[in-house]
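Shown below: protein_33.txt, with compact mmCIF, C-alpha atoms.
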```txt
# COMPACT_ATOMS: atom_id res chain seq x y z
CA MET A 22 16.59 -5.68 1.81
CA ALA A 23 15.36 -6.35 -1.74
CA ARG A 24 15.63 -4.42 -4.99
CA ILE A 25 12.17 -4.38 -6.61
CA LEU A 26 11.10 -3.31 -10.10
CA LEU A 27 7.60 -1.79 -10.17
CA VAL A 28 5.75 -1.46 -13.48
CA ASP A 29 2.41 0.28 -13.88
CA ASP A 30 1.05 2.83 -16.34
CA GLU A 31 -0.60 4.74 -13.48
CA ASP A 32 1.90 7.00 -11.76
CA CYS A 33 -0.16 7.24 -8.55
CA ILE A 34 -0.14 3.43 -8.20
CA LEU A 35 3.62 3.36 -8.76
CA ARG A 36 4.27 6.03 -6.13
CA THR A 37 1.94 4.42 -3.60
CA THR A 38 3.43 0.97 -4.07
CA ALA A 39 6.97 2.36 -3.90
CA ILE A 40 6.21 4.14 -0.61
CA LEU A 41 4.74 0.93 0.85
CA LEU A 42 7.75 -1.16 -0.10
CA GLU A 43 10.34 1.46 0.82
CA SER A 44 8.73 1.73 4.26
CA GLU A 45 9.80 -1.91 4.70
CA GLY A 46 13.38 -1.07 3.71
CA HIS A 47 13.23 -2.21 0.09
CA SER A 48 14.76 -0.31 -2.81
CA THR A 49 12.38 0.32 -5.72
CA VAL A 50 12.72 1.32 -9.35
CA CYS A 51 9.48 2.58 -10.90
CA VAL A 52 8.69 2.53 -14.62
CA LEU A 53 5.53 3.39 -16.52
CA ASN A 54 5.55 0.71 -19.22
CA GLY A 55 6.87 -2.66 -20.30
CA ASN A 56 9.51 -1.23 -22.64
CA GLU A 57 11.09 0.73 -19.79
CA ALA A 58 10.89 -2.37 -17.61
CA MET A 59 12.80 -4.43 -20.17
CA ASN A 60 15.49 -1.74 -20.33
CA GLN A 61 15.80 -1.90 -16.55
CA LEU A 62 16.00 -5.71 -16.58
CA ASP A 63 18.78 -5.48 -19.17
CA ALA A 64 20.69 -2.95 -17.08
CA ALA A 65 20.35 -4.25 -13.51
CA GLU A 66 19.50 -7.16 -11.23
CA PHE A 67 16.22 -7.20 -9.31
CA ASP A 68 14.98 -9.50 -6.58
CA LEU A 69 11.32 -9.15 -7.56
CA LEU A 70 9.11 -7.75 -10.31
CA LEU A 71 5.65 -6.32 -9.60
CA THR A 72 3.71 -5.53 -12.77
CA ASP A 73 0.34 -4.40 -13.97
CA ILE A 74 -1.33 -6.31 -16.82
CA ARG A 75 -3.02 -3.68 -18.99
CA MET A 76 -0.29 -1.44 -20.39
CA VAL A 77 0.85 -0.37 -23.85
CA PRO A 78 2.85 -0.99 -25.94
CA VAL A 79 4.16 -4.02 -24.01
CA ASP A 80 1.43 -5.43 -21.74
CA GLY A 81 2.03 -7.28 -18.49
CA MET A 82 1.63 -10.74 -19.99
CA GLU A 83 4.32 -10.05 -22.57
CA LEU A 84 6.49 -8.50 -19.86
CA ILE A 85 6.18 -11.62 -17.69
CA LYS A 86 7.23 -13.79 -20.63
CA LEU A 87 10.22 -11.56 -21.49
CA ALA A 88 11.26 -11.11 -17.85
CA LYS A 89 11.19 -14.85 -17.14
CA ALA A 90 13.30 -15.47 -20.25
CA LYS A 91 15.91 -12.97 -19.00
CA ARG A 92 15.69 -13.69 -15.27
CA PRO A 93 14.04 -17.10 -14.79
CA LYS A 94 14.59 -17.18 -11.01
CA MET A 95 13.17 -13.70 -10.34
CA PRO A 96 9.68 -13.91 -8.80
CA VAL A 97 6.93 -11.96 -10.57
CA ILE A 98 3.79 -10.69 -8.85
CA VAL A 99 0.95 -9.25 -10.91
CA ILE A 100 -1.03 -6.35 -9.45
CA SER A 101 -4.11 -5.66 -11.56
CA ALA A 102 -7.69 -4.45 -11.43
CA TYR A 103 -8.50 -6.98 -14.14
CA CYS A 104 -8.26 -10.07 -11.98
CA SER A 105 -10.13 -13.00 -13.45
CA ASP A 106 -9.45 -16.69 -13.05
CA LYS A 107 -8.47 -16.83 -16.73
CA THR A 108 -6.02 -13.92 -16.42
CA ALA A 109 -4.50 -15.31 -13.23
CA LYS A 110 -4.09 -18.73 -14.83
CA GLU A 111 -2.45 -17.25 -17.93
CA ALA A 112 -0.09 -15.12 -15.83
CA THR A 113 0.85 -18.19 -13.77
CA GLN A 114 1.49 -20.25 -16.89
CA LEU A 115 3.84 -17.51 -18.13
CA GLY A 116 5.77 -17.59 -14.86
CA ALA A 117 4.06 -15.21 -12.44
CA SER A 118 4.07 -16.58 -8.93
CA GLY A 119 1.46 -14.30 -7.39
CA TYR A 120 -1.55 -12.11 -8.20
CA ILE A 121 -2.89 -9.14 -6.23
CA LYS A 122 -6.18 -7.46 -7.16
CA LYS A 123 -6.47 -3.66 -7.27
CA PRO A 124 -7.45 -1.86 -5.21
CA PHE A 125 -4.97 -3.70 -3.05
CA LYS A 126 -4.67 -3.88 0.70
CA VAL A 127 -1.39 -2.72 2.21
CA ASP A 128 -1.05 -5.83 4.36
CA GLU A 129 -1.59 -8.07 1.36
CA VAL A 130 1.20 -6.38 -0.62
CA HIS A 131 3.61 -6.60 2.32
CA ALA A 132 2.75 -10.26 2.95
CA ARG A 133 3.02 -11.35 -0.69
CA VAL A 134 6.30 -9.52 -1.25
CA ALA A 135 7.79 -10.93 1.96
CA SER A 136 6.76 -14.50 1.15
CA HIS A 137 8.07 -14.35 -2.43
CA LEU A 138 11.37 -12.88 -1.30
CA LYS A 139 11.71 -15.54 1.40
CA ILE A 140 11.12 -18.30 -1.14
CA ARG A 141 13.71 -16.73 -3.45
CA ARG A 142 16.28 -16.61 -0.64
CA VAL A 143 15.64 -20.25 0.28
CA LEU A 144 15.95 -21.41 -3.32
CA SER A 145 19.11 -19.35 -3.82
CA GLY A 146 20.59 -20.94 -0.69
CA LEU A 147 19.81 -24.42 -1.98
CA GLU A 148 21.52 -23.63 -5.29
CA GLU A 149 24.61 -22.39 -3.48
CA VAL A 150 25.01 -25.75 -1.72
CA GLY A 151 24.25 -27.70 -4.89
CA LEU A 152 20.72 -28.81 -4.04
CA GLY A 153 18.77 -26.59 -6.43
```
Once you've parsed the file, please lay out its structure as structure tokens.
Amino acid sequence: MARILLVDDEDCILRTTAILLESEGHSTVCVLNGNEAMNQLDAAEFDLLLTDIRMVPVDGMELIKLAKAKRPKMPVIVISAYCSDKTAKEATQLGASGYIKKPFKVDEVHARVASHLKIRRVLSGLEEVGLG
């Protein structure tokens, strides 16, 4: 299954999300802020990044920008309580490919993660045969 980096400044959200994803067979790495996330992205490969928006010192928008610069093909899903059209549009412009509003529904997280991972696998397969 996939290796997923989870970033949120609320430990209970991290643990809950990790349990949900691990129940599907995924491996998760949980960090409490954007600086730790960047260290993880420097040290290891991930199939997917799930991040909150409001964090300090590096917020989710800055993390999306930095993560896409380091790993342009890695999908990013934002999970935030501060879900506005403006925020979603900005996150998308920075490279996020999905947005989930807190409090989230378990089925929604599973479905979004599965679809983003499937798209990543398809695109990776096309690159391997020279079509991507």
Checklist entry - Residues at most 7 Å from Thr72 in chain A, counting all atoms listed in the file, excluding those fewer than 5 positions away in the same chain, as a PyMOL selection string? => result chain A and resi 27-29+81+98-100
Edge lengths and centre in Å to one decimal, as AutoDock Vina command-line options, is what I'm after for the box along x, y and z that holds all listed atoms of range 34-51 of chain A once 6 Å is added on each side.
```
--center_x 7.3 --center_y 1.9 --center_z -3.1 --size_x 26.9 --size_y 20.2 --size_z 27.6
```
Checklist entry - Near Cys104 in chain A, within 10 Å and counting only C-alpha atoms, which residues show up once chain neighbours fewer than 6 positions away are dropped, as a PyMOL selection string? => result chain A and resi 74+120-123
For range 32-59 of chain A versus range 130-133 of chain A, which residues have an atom no more than 9 Å away, and what is each residue's nearest atom pair and distance in Å rounded to one decimal, using all atoms listed in the file, chain-then-number order, as JSON lines?
```
{"residue": "A:Thr38", "atom": "CA", "partner": "A:Val130", "partner_atom": "CA", "distance": 8.4}
{"residue": "A:Leu41", "atom": "CA", "partner": "A:His131", "partner_atom": "CA", "distance": 7.8}
{"residue": "A:Leu42", "atom": "CA", "partner": "A:His131", "partner_atom": "CA", "distance": 7.3}
{"residue": "A:Glu45", "atom": "CA", "partner": "A:His131", "partner_atom": "CA", "distance": 8.1}
```
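For the choices A:Asp80, A:Asp68, A:Asp106, A:Asp32, the atom-to-atom distance to Lys94 in chain A is smallest for A:Asp68 when using all atoms listed in the file.
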Checklist entry - What does the distance between CA of Asn54 in chain A and CA of Ile85 in chain A come to in Å, to one decimal place? => result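 Calculated distance between CA of Asn54 in chain A and CA of Ile85 in chain A is 12.4 Å.
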Checklist entry - So, counting only C-alpha atoms, which residue among A:Ala58, A:Ala109, A:Leu26, A:Leu144 is closest to Val77 in chain A? => result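 Among the listed residues, A:Ala58 lies closest to Val77 in chain A.
One finds CA of Val97 in chain A at 9.3 Å from CA of Thr113 in chain A.
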Checklist entry - By how many Å are CA of Ala64 in chain A and CA of Glu111 in chain A apart? => result 27.2 Å
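Counting only C-alpha atoms and comparing A:Ala135, A:Val143, A:Ala112, A:Val50, the residue that lies closest to Met82 in chain A is A:Ala112.
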